[in-house]
Structures are given as C-alpha cells and as structure tokens.
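J.: Structure file entry.cif (mmCIF, C-alpha atoms) right here:
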data_target
#
loop_
_atom_site.label_atom_id
_atom_site.label_comp_id
_atom_site.auth_asym_id
_atom_site.auth_seq_id
_atom_site.Cartn_x
_atom_site.Cartn_y
_atom_site.Cartn_z
CA MET A 1 0.00 0.00 0.00
CA ASN A 2 2.80 2.35 0.96
CA ALA A 3 4.75 1.63 -2.22
CA LEU A 4 1.60 2.31 -4.24
CA GLU A 5 1.12 5.66 -2.50
CA ASN A 6 4.73 6.61 -3.10
CA ALA A 7 4.42 5.70 -6.76
CA PHE A 8 1.24 7.77 -7.02
CA ASP A 9 2.94 10.76 -5.39
CA LEU A 10 5.91 10.46 -7.70
CA VAL A 11 3.70 10.34 -10.81
CA LEU A 12 1.68 13.29 -9.48
CA MET A 13 4.85 15.30 -8.87
CA LEU A 14 6.29 14.59 -12.29
CA ALA A 15 2.95 15.33 -13.96
CA LEU A 16 2.74 18.67 -12.11
CA LEU A 17 6.26 19.69 -13.16
CA TRP A 18 5.59 18.61 -16.73
CA LEU A 19 2.24 20.47 -16.90
CA ALA A 20 3.78 23.60 -15.37
CA TRP A 21 6.58 23.54 -17.92
CA ARG A 22 4.23 22.90 -20.83
CA ALA A 23 1.83 25.65 -19.66
CA LEU A 24 4.67 28.17 -19.53
CA ALA A 25 6.29 27.08 -22.78
CA ALA A 26 3.15 26.62 -24.88
CA PRO A 27 3.40 28.89 -27.93
CA ASP A 28 -0.39 28.95 -28.20
CA LEU A 29 -1.85 30.93 -25.30
CA PHE A 30 -5.14 29.01 -25.39
CA LYS A 31 -3.23 25.77 -24.99
CA GLY A 32 -1.32 27.34 -22.13
CA VAL A 33 -4.56 28.23 -20.31
CA VAL A 34 -5.98 24.74 -20.76
CA LEU A 35 -2.74 23.24 -19.43
CA PHE A 36 -2.90 25.65 -16.49
CA ILE A 37 -6.43 24.44 -15.65
CA ALA A 38 -5.22 20.83 -15.78
CA PHE A 39 -2.30 21.86 -13.56
CA GLY A 40 -4.75 23.35 -11.03
CA LEU A 41 -6.79 20.15 -10.87
CA LEU A 42 -3.70 18.00 -10.27
CA MET A 43 -2.47 20.56 -7.74
CA ALA A 44 -5.75 20.10 -5.84
CA LEU A 45 -4.99 16.38 -5.79
CA ALA A 46 -1.53 17.14 -4.44
CA TRP A 47 -3.05 19.20 -1.62
CA VAL A 48 -5.29 16.25 -0.76
CA ARG A 49 -2.19 14.03 -0.61
CA LEU A 50 -0.59 16.60 1.72
CA ARG A 51 -3.70 16.25 3.93
CA ALA A 52 -4.82 19.84 3.36
CA PRO A 53 -8.40 19.37 2.11
CA ASP A 54 -9.28 23.03 2.74
CA ILE A 55 -6.61 24.22 0.35
CA ALA A 56 -7.52 21.45 -2.09
CA LEU A 57 -11.10 22.77 -2.23
CA ALA A 58 -9.90 26.33 -2.72
CA GLU A 59 -7.38 25.26 -5.36
CA ALA A 60 -9.97 23.31 -7.34
CA ALA A 61 -12.55 26.10 -7.19
CA VAL A 62 -10.34 29.21 -7.41
CA GLY A 63 -7.06 28.05 -8.88
CA SER A 64 -8.56 25.88 -11.55
CA GLY A 65 -12.16 26.95 -12.08
CA ILE A 66 -12.39 30.70 -11.64
CA THR A 67 -8.82 31.51 -12.69
CA GLY A 68 -9.28 29.37 -15.79
CA ALA A 69 -12.47 31.24 -16.68
CA LEU A 70 -10.73 34.58 -16.00
CA LEU A 71 -7.77 33.70 -18.19
CA LEU A 72 -9.99 32.46 -21.01
CA SER A 73 -12.11 35.63 -20.91
CA ALA A 74 -8.95 37.79 -20.79
CA LEU A 75 -7.58 35.88 -23.77
CA ALA A 76 -10.78 36.36 -25.75
CA ARG A 77 -10.76 40.07 -24.92
CA SER A 78 -7.13 40.59 -25.89
CA ARG A 79 -7.75 38.77 -29.17
CA ARG A 80 -10.74 41.03 -29.85
CA LEU A 81 -8.68 44.12 -29.02
CA GLU A 82 -5.85 43.00 -31.27
CA ARG A 83 -8.25 42.27 -34.11
CA ASP A 84 -10.01 45.64 -33.79
CA ASN A 85 -6.83 47.73 -33.56
CA PRO A 86 -3.90 45.69 -34.80
CA PRO A 87 -0.47 46.77 -33.54
CA PRO A 88 1.52 48.69 -36.18
CA ARG A 89 4.56 46.45 -35.95
CA ARG A 90 5.65 43.74 -33.55
CA ARG A 91 8.78 44.59 -31.64
CA ASP A 92 11.40 41.93 -32.16
CA PRO A 93 12.72 40.45 -28.92
CA MET B 1 -2.78 37.10 -30.46
CA SER B 2 -4.43 35.73 -33.54
CA ALA B 3 -1.80 33.28 -34.77
CA PRO B 4 0.46 31.07 -32.67
CA GLU B 5 3.97 32.45 -32.44
CA PRO B 6 6.70 30.51 -34.18
CA ILE B 7 8.28 27.99 -31.88
CA ALA B 8 11.76 29.14 -32.84
CA ASP B 9 11.13 32.40 -30.95
CA HIS B 10 10.58 30.50 -27.71
CA ALA B 11 13.51 28.19 -28.19
CA ARG B 12 15.95 31.03 -28.83
CA PHE B 13 18.60 31.25 -26.14
CA THR B 14 19.47 34.86 -25.33
CA PRO B 15 21.84 36.13 -22.59
CA ALA B 16 18.88 37.63 -20.74
CA ARG B 17 17.21 34.26 -20.67
CA LEU B 18 20.39 32.61 -19.44
CA VAL B 19 20.56 35.08 -16.54
CA THR B 20 16.88 34.44 -15.77
CA LEU B 21 17.51 30.71 -15.80
CA LEU B 22 20.44 31.07 -13.40
CA LEU B 23 18.40 33.28 -11.06
CA VAL B 24 15.50 30.82 -11.07
CA VAL B 25 17.83 27.90 -10.37
CA ALA B 26 19.43 29.88 -7.52
CA LEU B 27 15.99 30.66 -6.09
CA ALA B 28 14.96 27.01 -6.33
CA ALA B 29 18.19 25.96 -4.62
CA ALA B 30 17.68 28.51 -1.82
CA LEU B 31 14.08 27.38 -1.31
CA GLY B 32 15.12 23.75 -1.33
CA TRP B 33 17.87 24.45 1.20
CA ALA B 34 15.39 26.33 3.42
CA VAL B 35 12.92 23.44 3.38
CA TRP B 36 15.72 20.92 3.92
CA SER B 37 17.09 22.77 6.94
CA LEU B 38 13.72 22.90 8.71
CA PRO B 39 13.55 20.71 11.80
CA ALA B 40 12.16 17.36 10.73
CA ASP B 41 9.49 17.25 13.42
CA SER B 42 8.30 20.80 14.01
CA PRO B 43 5.02 21.08 15.90
CA GLY B 44 4.60 24.75 14.93
CA LEU B 45 1.49 26.30 16.45
CA THR B 46 -0.61 23.13 16.18
CA GLY B 47 -0.67 22.49 19.94
CA GLN B 48 -1.69 26.02 20.89
CA SER B 49 -4.23 26.15 18.08
CA LEU B 50 -5.93 22.93 19.17
CA ALA B 51 -5.83 23.99 22.82
CA GLN B 52 -7.74 27.19 22.02
CA LEU B 53 -10.25 25.43 19.75
CA PRO B 54 -13.06 25.03 22.35
CA GLY B 55 -13.28 28.81 22.80
CA SER B 56 -13.10 29.65 19.11
CA GLY B 57 -16.75 28.98 18.32
CA VAL B 58 -15.99 26.39 15.63
CA THR B 59 -14.53 22.89 15.65
CA ASN B 60 -12.66 23.04 12.34
CA PRO B 61 -9.14 24.23 13.22
CA VAL B 62 -8.66 25.83 9.80
CA THR B 63 -11.79 27.98 10.12
CA ALA B 64 -10.76 28.83 13.68
CA ALA B 65 -7.41 30.07 12.42
CA VAL B 66 -8.82 31.94 9.43
CA LEU B 67 -11.71 33.72 11.14
CA ASN B 68 -10.78 33.79 14.80
CA TYR B 69 -7.04 33.65 15.55
CA ARG B 70 -6.06 35.69 12.50
CA GLY B 71 -9.35 37.37 11.70
CA TYR B 72 -7.51 40.61 10.96
CA ASP B 73 -5.70 38.97 8.02
CA THR B 74 -8.97 37.71 6.61
CA LEU B 75 -10.55 41.14 7.02
CA LEU B 76 -7.74 42.57 4.90
CA GLU B 77 -8.12 39.75 2.36
CA ILE B 78 -11.76 40.66 1.88
CA ALA B 79 -10.71 44.30 1.49
CA VAL B 80 -8.14 43.30 -1.13
CA LEU B 81 -10.84 41.52 -3.14
CA LEU B 82 -12.96 44.66 -3.08
CA LEU B 83 -9.95 46.75 -4.14
CA ALA B 84 -9.37 44.38 -7.05
CA VAL B 85 -12.88 45.02 -8.35
CA LEU B 86 -12.46 48.77 -7.86
CA GLY B 87 -9.22 48.61 -9.84
CA VAL B 88 -10.81 46.67 -12.70
CA TRP B 89 -13.83 48.96 -12.78
CA SER B 90 -11.66 52.07 -12.91
CA VAL B 91 -9.67 50.95 -15.94
CA ALA B 92 -12.32 49.23 -18.04
CA LYS B 93 -16.01 48.98 -18.63
CA ALA B 94 -17.73 45.73 -19.37
CA GLU B 95 -17.92 44.90 -23.03
CA PRO B 96 -21.21 43.83 -24.46
CA ARG B 97 -20.95 40.21 -25.52
CA ALA B 98 -19.31 40.05 -28.91
CA ASP B 99 -21.79 37.54 -30.25
CA ASP B 100 -25.39 38.20 -29.40
CA ALA B 101 -26.32 34.77 -30.69
CA PRO B 102 -28.42 32.81 -28.21
CA ALA B 103 -26.46 30.35 -26.10
CA SER B 104 -26.56 26.71 -27.07
CA PRO B 105 -29.62 24.88 -25.71
CA VAL B 106 -27.31 22.29 -24.14
CA LEU B 107 -25.63 24.99 -22.03
CA THR B 108 -28.97 26.55 -21.10
CA ALA B 109 -30.39 23.20 -20.02
CA PHE B 110 -27.20 22.39 -18.11
CA VAL B 111 -27.31 25.71 -16.26
CA ARG B 112 -30.96 25.12 -15.38
CA LEU B 113 -30.08 21.76 -13.84
CA ALA B 114 -26.74 22.69 -12.31
CA LEU B 115 -27.39 26.13 -10.85
CA PRO B 116 -29.70 25.02 -8.00
CA VAL B 117 -27.21 22.29 -7.10
CA ILE B 118 -24.33 24.79 -7.20
CA ILE B 119 -26.20 27.15 -4.87
CA LEU B 120 -26.96 24.25 -2.53
CA VAL B 121 -23.31 23.12 -2.55
CA ALA B 122 -22.16 26.68 -1.80
CA GLY B 123 -24.54 26.88 1.16
CA TYR B 124 -23.39 23.46 2.34
CA LEU B 125 -19.71 24.38 2.11
CA LEU B 126 -20.38 27.57 4.06
CA TRP B 127 -22.20 25.71 6.82
CA ILE B 128 -19.84 22.73 7.00
CA GLY B 129 -16.87 25.10 7.30
CA SER B 130 -17.49 25.26 11.05
CA PHE B 131 -16.90 21.52 11.49
CA ALA B 132 -14.98 20.24 8.46
CA PRO B 133 -13.08 21.50 5.42
CA GLY B 134 -15.06 24.25 3.75
CA GLY B 135 -15.79 27.90 4.38
CA ALA B 136 -16.68 31.18 2.78
CA PHE B 137 -13.82 31.31 0.26
CA GLN B 138 -14.44 27.86 -1.14
CA ALA B 139 -18.21 28.36 -1.11
CA GLY B 140 -17.84 31.78 -2.74
CA ALA B 141 -15.69 30.34 -5.50
CA VAL B 142 -18.22 27.59 -6.18
CA LEU B 143 -21.06 30.13 -6.26
CA ALA B 144 -19.00 32.34 -8.57
CA GLY B 145 -18.53 29.35 -10.87
CA GLY B 146 -22.32 29.11 -11.03
CA GLY B 147 -22.47 32.84 -11.81
CA VAL B 148 -19.95 32.42 -14.62
CA VAL B 149 -21.86 29.61 -16.33
CA LEU B 150 -25.06 31.61 -15.88
CA LEU B 151 -23.45 34.55 -17.68
CA LEU B 152 -22.10 32.28 -20.40
CA SER B 153 -25.58 30.91 -20.99
CA GLY B 154 -26.85 34.46 -21.52
CA GLY B 155 -28.67 34.90 -18.20
CA GLY B 156 -27.87 37.26 -15.38
CA ARG B 157 -26.81 40.27 -17.48
CA ALA B 158 -29.90 42.14 -16.39
CA ALA B 159 -28.99 41.51 -12.76
CA LEU B 160 -25.52 42.97 -13.32
CA ALA B 161 -27.11 46.14 -14.68
CA GLN B 162 -28.67 46.73 -11.25
CA GLU B 163 -25.52 48.48 -10.19
CA GLY B 164 -26.82 49.63 -6.83
CA TRP B 165 -27.52 46.09 -5.69
CA LEU B 166 -24.27 44.90 -7.19
CA ARG B 167 -22.31 47.48 -5.19
CA ILE B 168 -24.16 46.61 -1.99
CA GLY B 169 -23.37 42.94 -2.56
CA LEU B 170 -19.72 43.63 -3.26
CA VAL B 171 -19.27 45.72 -0.12
CA LEU B 172 -21.46 43.57 2.17
CA GLY B 173 -18.72 41.16 3.30
CA LEU B 174 -16.26 43.88 4.26
CA ALA B 175 -18.99 46.01 5.85
CA VAL B 176 -20.26 43.19 8.07
CA PHE B 177 -16.69 42.22 8.97
CA ILE B 178 -15.82 45.79 9.99
CA ALA B 179 -19.12 46.11 11.87
CA VAL B 180 -18.32 42.98 13.88
CA ALA B 181 -14.77 44.23 14.48
CA ALA B 182 -16.09 47.56 15.72
CA GLY B 183 -18.69 45.72 17.78
CA THR B 184 -16.12 43.60 19.58
CA MET B 185 -14.12 46.73 20.35
CA SER B 186 -17.16 48.62 21.59
CA VAL B 187 -18.03 45.91 24.13
CA GLY B 188 -14.55 46.23 25.58
CA GLY B 189 -12.61 43.56 23.72
CA LYS B 190 -9.83 43.87 21.21
CA LEU B 191 -10.37 44.04 17.45
CA LEU B 192 -12.21 40.87 16.40
CA GLU B 193 -11.90 39.34 19.86
CA TYR B 194 -15.20 37.49 19.89
CA PRO B 195 -16.91 36.70 23.18
CA PRO B 196 -16.63 32.86 23.30
CA GLN B 197 -20.37 32.25 23.70
CA HIS B 198 -21.17 34.24 20.53
CA ALA B 199 -18.07 33.35 18.51
CA GLY B 200 -19.79 30.67 16.40
CA THR B 201 -22.69 32.95 15.48
CA LEU B 202 -20.44 35.88 14.66
CA ILE B 203 -18.17 33.74 12.49
CA LEU B 204 -21.15 32.36 10.58
CA LEU B 205 -22.52 35.89 10.15
CA ILE B 206 -19.22 37.17 8.76
CA GLU B 207 -18.84 34.14 6.51
CA SER B 208 -22.37 34.43 5.11
CA ALA B 209 -21.81 38.06 4.15
CA ALA B 210 -18.33 37.26 2.83
CA LEU B 211 -19.74 34.43 0.71
CA ILE B 212 -21.97 36.84 -1.21
CA SER B 213 -19.20 39.40 -1.64
CA ILE B 214 -16.58 36.85 -2.69
CA ALA B 215 -18.90 35.26 -5.26
CA LEU B 216 -19.94 38.65 -6.68
CA THR B 217 -16.31 39.83 -6.71
CA LEU B 218 -15.16 36.85 -8.74
CA VAL B 219 -18.07 37.18 -11.16
CA ALA B 220 -17.38 40.92 -11.49
CA LEU B 221 -13.73 40.15 -12.26
CA PHE B 222 -14.86 37.64 -14.88
CA VAL B 223 -17.08 40.27 -16.49
CA GLY B 224 -13.90 42.32 -16.52
CA GLY B 225 -15.18 45.85 -16.28
CA ARG B 226 -17.77 48.16 -14.91
CA PRO B 227 -21.19 47.02 -16.09
CA PRO B 228 -23.07 49.61 -18.13
CA GLY B 229 -25.51 50.75 -15.45
CA ARG B 230 -27.86 53.67 -15.43
CA SER B 231 -25.74 55.73 -13.03
CA ASN B 232 -22.54 55.79 -15.09
CA ARG B 233 -23.97 56.17 -18.55
CA GLY B 234 -22.86 59.79 -18.76
CA LEU B 235 -19.40 58.79 -17.61
CA SER B 236 -18.95 56.12 -20.23
CA GLU B 237 -20.18 58.44 -22.97
CA ALA B 238 -17.57 60.96 -21.89
CA GLY B 239 -14.99 58.22 -22.03
CA GLU B 240 -16.02 57.29 -25.55
CA ARG B 241 -15.77 60.90 -26.67
CA LYS B 242 -12.27 61.09 -25.25
CA ASP B 243 -11.32 57.87 -27.05
CA GLY B 244 -12.63 59.39 -30.27
CA ASP B 245 -10.49 62.49 -29.87
CA GLU B 246 -7.35 60.47 -29.43
CA SER B 247 -7.67 58.45 -32.61
#
What do you get writing this file as structure tokens?

T.:
Amino acid sequence: MNALENAFDLVLMLALLWLAWRALAAPDLFKGVVLFIAFGLLMALAWVRLRAPDIALAEAAVGSGITGALLLSALARSRRLERDNPPPRRRDP
Amino acid sequence: MSAPEPIADHARFTPARLVTLLLVVALAAALGWAVWSLPADSPGLTGQSLAQLPGSGVTNPVTAAVLNYRGYDTLLEIAVLLLAVLGVWSVAKAEPRADDAPASPVLTAFVRLALPVIILVAGYLLWIGSFAPGGAFQAGAVLAGGGVVLLLSGGGRAALAQEGWLRIGLVLGLAVFIAVAAGTMSVGGKLLEYPPQHAGTLILLIESAALISIALTLVALFVGGRPPGRSNRGLSEAGERKDGDES
C-alpha cells in the first residue's frame, strides 16, 4: 500500500512539473490556459495528498475553475482588441 | 494574439534568458535548502491552536485560524478583493458580448439543472466550514462558478445592470466584517476578539456576508469591467468621446 502511495505521489509530482513547464512554454496561449487548468486540478490532488483538504477545495474552485475562466475571458478580450486595432509592428525580442 | 507564435522564438537562447535561468535555479536551490534545513518534526502552532479550539466557536481548526485567531488577516483579504474590483472597474467597462447569438440549448439546459445544485453546494460548504473542510472562500468560488456559467448561458446580465444592488453585494462582506470588528471593540474587547459564547454565530454571520461578496467579486472580475448601469452612462459616454479624440 505504501509503495503504491509513493508511486502515485511520484507520478503526481512529475505530472505537475511537466504540466507547469508545458503551460509556460506553450506557444499557443489558449493551450497554455488549458494546461494551467489541468495543472490546477492536479495541484488540488496534491493538496489532498498533503492532507490539506481546505486548500484542495480552494485550489480546485479558485485556482482551476475561476482563474481558468478569467484567463480564457482575458484571452478572448485581448484577441478582440488585437483584431479591432492591430499593432503597427511587432517589436522583435 | 491571432496566430500562434513561431516555436523558434521560444527556443531562442538569449543572454537575458540565461541570466533568468540562473536566477531561477538559484531561487529554487535557496528554497530547497530552506525546506531541507527545517527541523524534521516541528510542531509549529498546532498544539496552541488545538488547545484554544473550544473557545473559538468552531470545531474546524482551519476555520478557527482563518476567522478567529487571525481574523484581521482575513478582514484585509476581503478588502483586497474589493480593491481588485475597484481597480478593474476604474480601468475598463464591461464589453457587451461580442456575439449576441443565443447560447446553445445544451448549455442553457445544463445551467438550469446545475445552478440550483451549485447554490446548494455553496450553502453546504459555508455551513460545513465550522466543522470540516469548507468555508466562505471555497463556497464563494463555487457560487461564482455558477455565476460564470449563468453569464455564459446568456442569463444574469440584467442583474448585473442593477448596479446599486451589485455594489451593496460587493461591499457587504467587508462592511459586516468591519461592523463585527467595531462591535467587539465597543463591548470592551480587542479588534475581532469574539466573546466565546457568541463566537460561532459571529463567524457564521461574517462568513455568510463574505460568501456573497466573494462570489460577486469573482463574477465581477470575470465580467472584466464596470457594467453599463444607469448611473454611469454619462461617464462612459464621456470616455467614448475622449477615445474618439485620441484616434
């Protein structure tokens, strides 16, 4: 049982790191937001494993649900703004 | 942005990015060292917290900490949420929905089924917060989720236009919290030092008001701007005229 739990924690940890990296590195912002929502759900699971159910509830509802909705609506708005008044020229990094 | 950026731009390795990488690695190492050097078996404040639990008015130690031991922090958190809405409202006004097409019947039917359950769950989480994991923040977030799907399905816009009620709802949590804080001081205690026999009732009162404010705050942030109410129509017209001058 203990080995199973350890294996689960390890997979959870690796999945979190992987999702965090993918969310940050995603070239497509929409993809990044979706990965962030998935990250939040797994993070809630991690809080449960750390025996912090209060934070798990908040993470699932705020971190994943509401923040995801906020980011998606911000993305839609910035796309609308960019379409309505396109920037004259993109500054090269 | 309308088109995905080329991947090559992200993969490019510039000196600035190298410095950032080094700084992040250093930060991670410092954090790791800090965690590693913690005493392995640190009781922290657990003992004192559990010892004070009978007088806190609730039996869930987390709620006791959030609303009793460090009620001042939570008061400021509620104030920060209100400030966030004020900030958003002062820089933007809510956009009318881009597509006025009616929402899909699947979403409408789902909202009809889910919304009562969501409201029930929010109430349950609020109530259970006194005994078990739950509380105003979690319940408020769940209720706000219900508000968001309601808005997405095309309902609730009319309610947002009632700006007076919206403002009252947004301020309610902070107002009740401050009223209780002032009340505890006026009966001779310190700020938010509840009398033990009324602590449970006062915490539930604060949490109920906070639930409404938190949910409305999150929905207002999702709307992302000041709703076009009757009272600020003149203001927004002035803003539009100014925008026109600039272009």

J.: Apply the PyMOL selection byres ((chain B and resi 207) around 8) to the displayed file and report the matching residues as number ranges by chain.

T.: B: 126, 135-136, 173, 203-206, 208-211

J.: Could you dump the residues just selected with C-alpha atoms as an mmCIF file, in the frame of the given file?

T.:
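What landed in selection.cif:
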data_model
loop_
_atom_site.group_PDB
_atom_site.id
_atom_site.type_symbol
_atom_site.label_atom_id
_atom_site.label_comp_id
_atom_site.auth_asym_id
_atom_site.auth_seq_id
_atom_site.Cartn_x
_atom_site.Cartn_y
_atom_site.Cartn_z
ATOM 1 C CA LEU B 126 -20.380 27.570 4.060
ATOM 2 C CA GLY B 135 -15.790 27.900 4.380
ATOM 3 C CA ALA B 136 -16.680 31.180 2.780
ATOM 4 C CA GLY B 173 -18.720 41.160 3.300
ATOM 5 C CA ILE B 203 -18.170 33.740 12.490
ATOM 6 C CA LEU B 204 -21.150 32.360 10.580
ATOM 7 C CA LEU B 205 -22.520 35.890 10.150
ATOM 8 C CA ILE B 206 -19.220 37.170 8.760
ATOM 9 C CA SER B 208 -22.370 34.430 5.110
ATOM 10 C CA ALA B 209 -21.810 38.060 4.150
ATOM 11 C CA ALA B 210 -18.330 37.260 2.830
ATOM 12 C CA LEU B 211 -19.740 34.430 0.710
#

J.: Which residue out of A:Ala26, A:Leu45, A:Ala3, A:Ala38 has the minimum interatomic distance to chain B when only C-alpha atoms are used?

T.: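 When distances to chain B are compared using only C-alpha atoms, the smallest one comes from A:Ala26.
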
J.: Could you expand the PyMOL selection byres ((chain B and resi 61) around 9) into the explicit residues it covers here, written as a ChimeraX atom specification?

T.: /B:49-50,53,56,58-60,62-66,130-132

J.: Enumerate, as a PyMOL selection string, the residues matched when the PyMOL selection byres ((chain A) within 9 of (chain B)) is run on the file above.

T.: chain A and resi 25-29+52-55+57-62+65-67+69-71+73-75+77-80+82-83+93

J.: By how many Å are CA of Leu170 (chain B) and CA of Ser213 (chain B) apart?

T.: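 For CA of Leu170 (chain B) relative to CA of Ser213 (chain B), the distance reads 4.6 Å.
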
J.: Write out as lines of an AutoDock Vina configuration file an axis-aligned box for region 70-75 of chain A: all of its atoms listed in the file, 5 Å added on each side, centre and edge lengths in Å with one decimal.

T.:
center_x = -9.8
center_y = 35.1
center_z = -19.9
size_x = 14.5
size_y = 15.3
size_z = 17.8

J.: Figure out the distance between CA of Phe36 (chain A) and CA of Arg22 (chain A), please, to one decimal in Å.

T.: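 Separation of CA of Arg22 (chain A) and CA of Phe36 (chain A): 8.8 Å.
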
J.: Taking only C-alpha atoms into account, name the residue in A:Phe39, A:Ala46, A:Leu81, A:Leu4 that is nearest to Trp21 (chain A).

T.: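 Between A:Phe39, A:Ala46, A:Leu81, A:Leu4, the residue approaching Trp21 (chain A) most closely is A:Phe39.
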
J.: So how far away is CA of Glu163 (chain B) from CA of Pro116 (chain B), in Å?

T.: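 Calculated distance between CA of Pro116 (chain B) and CA of Glu163 (chain B) is 23.9 Å.
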
J.: Leaving out Leu35 (chain A) and any residue of its chain fewer than 5 positions from it, which residues lie within 9 Å of it when counting all atoms listed in the file, given as a PDB file with C-alpha atoms, keeping the file's coordinate frame?

T.:
ATOM      1  CA  LEU A  19       2.240  20.470 -16.900  1.00  0.00           C
ATOM      2  CA  ALA A  20       3.780  23.600 -15.370  1.00  0.00           C
ATOM      3  CA  ARG A  22       4.230  22.900 -20.830  1.00  0.00           C
ATOM      4  CA  ALA A  23       1.830  25.650 -19.660  1.00  0.00           C
ATOM      5  CA  LEU A  24       4.670  28.170 -19.530  1.00  0.00           C
ATOM      6  CA  ALA A  26       3.150  26.620 -24.880  1.00  0.00           C
ATOM      7  CA  PHE A  30      -5.140  29.010 -25.390  1.00  0.00           C
ATOM      8  CA  GLY A  40      -4.750  23.350 -11.030  1.00  0.00           C
TER       9      GLY A  40
END
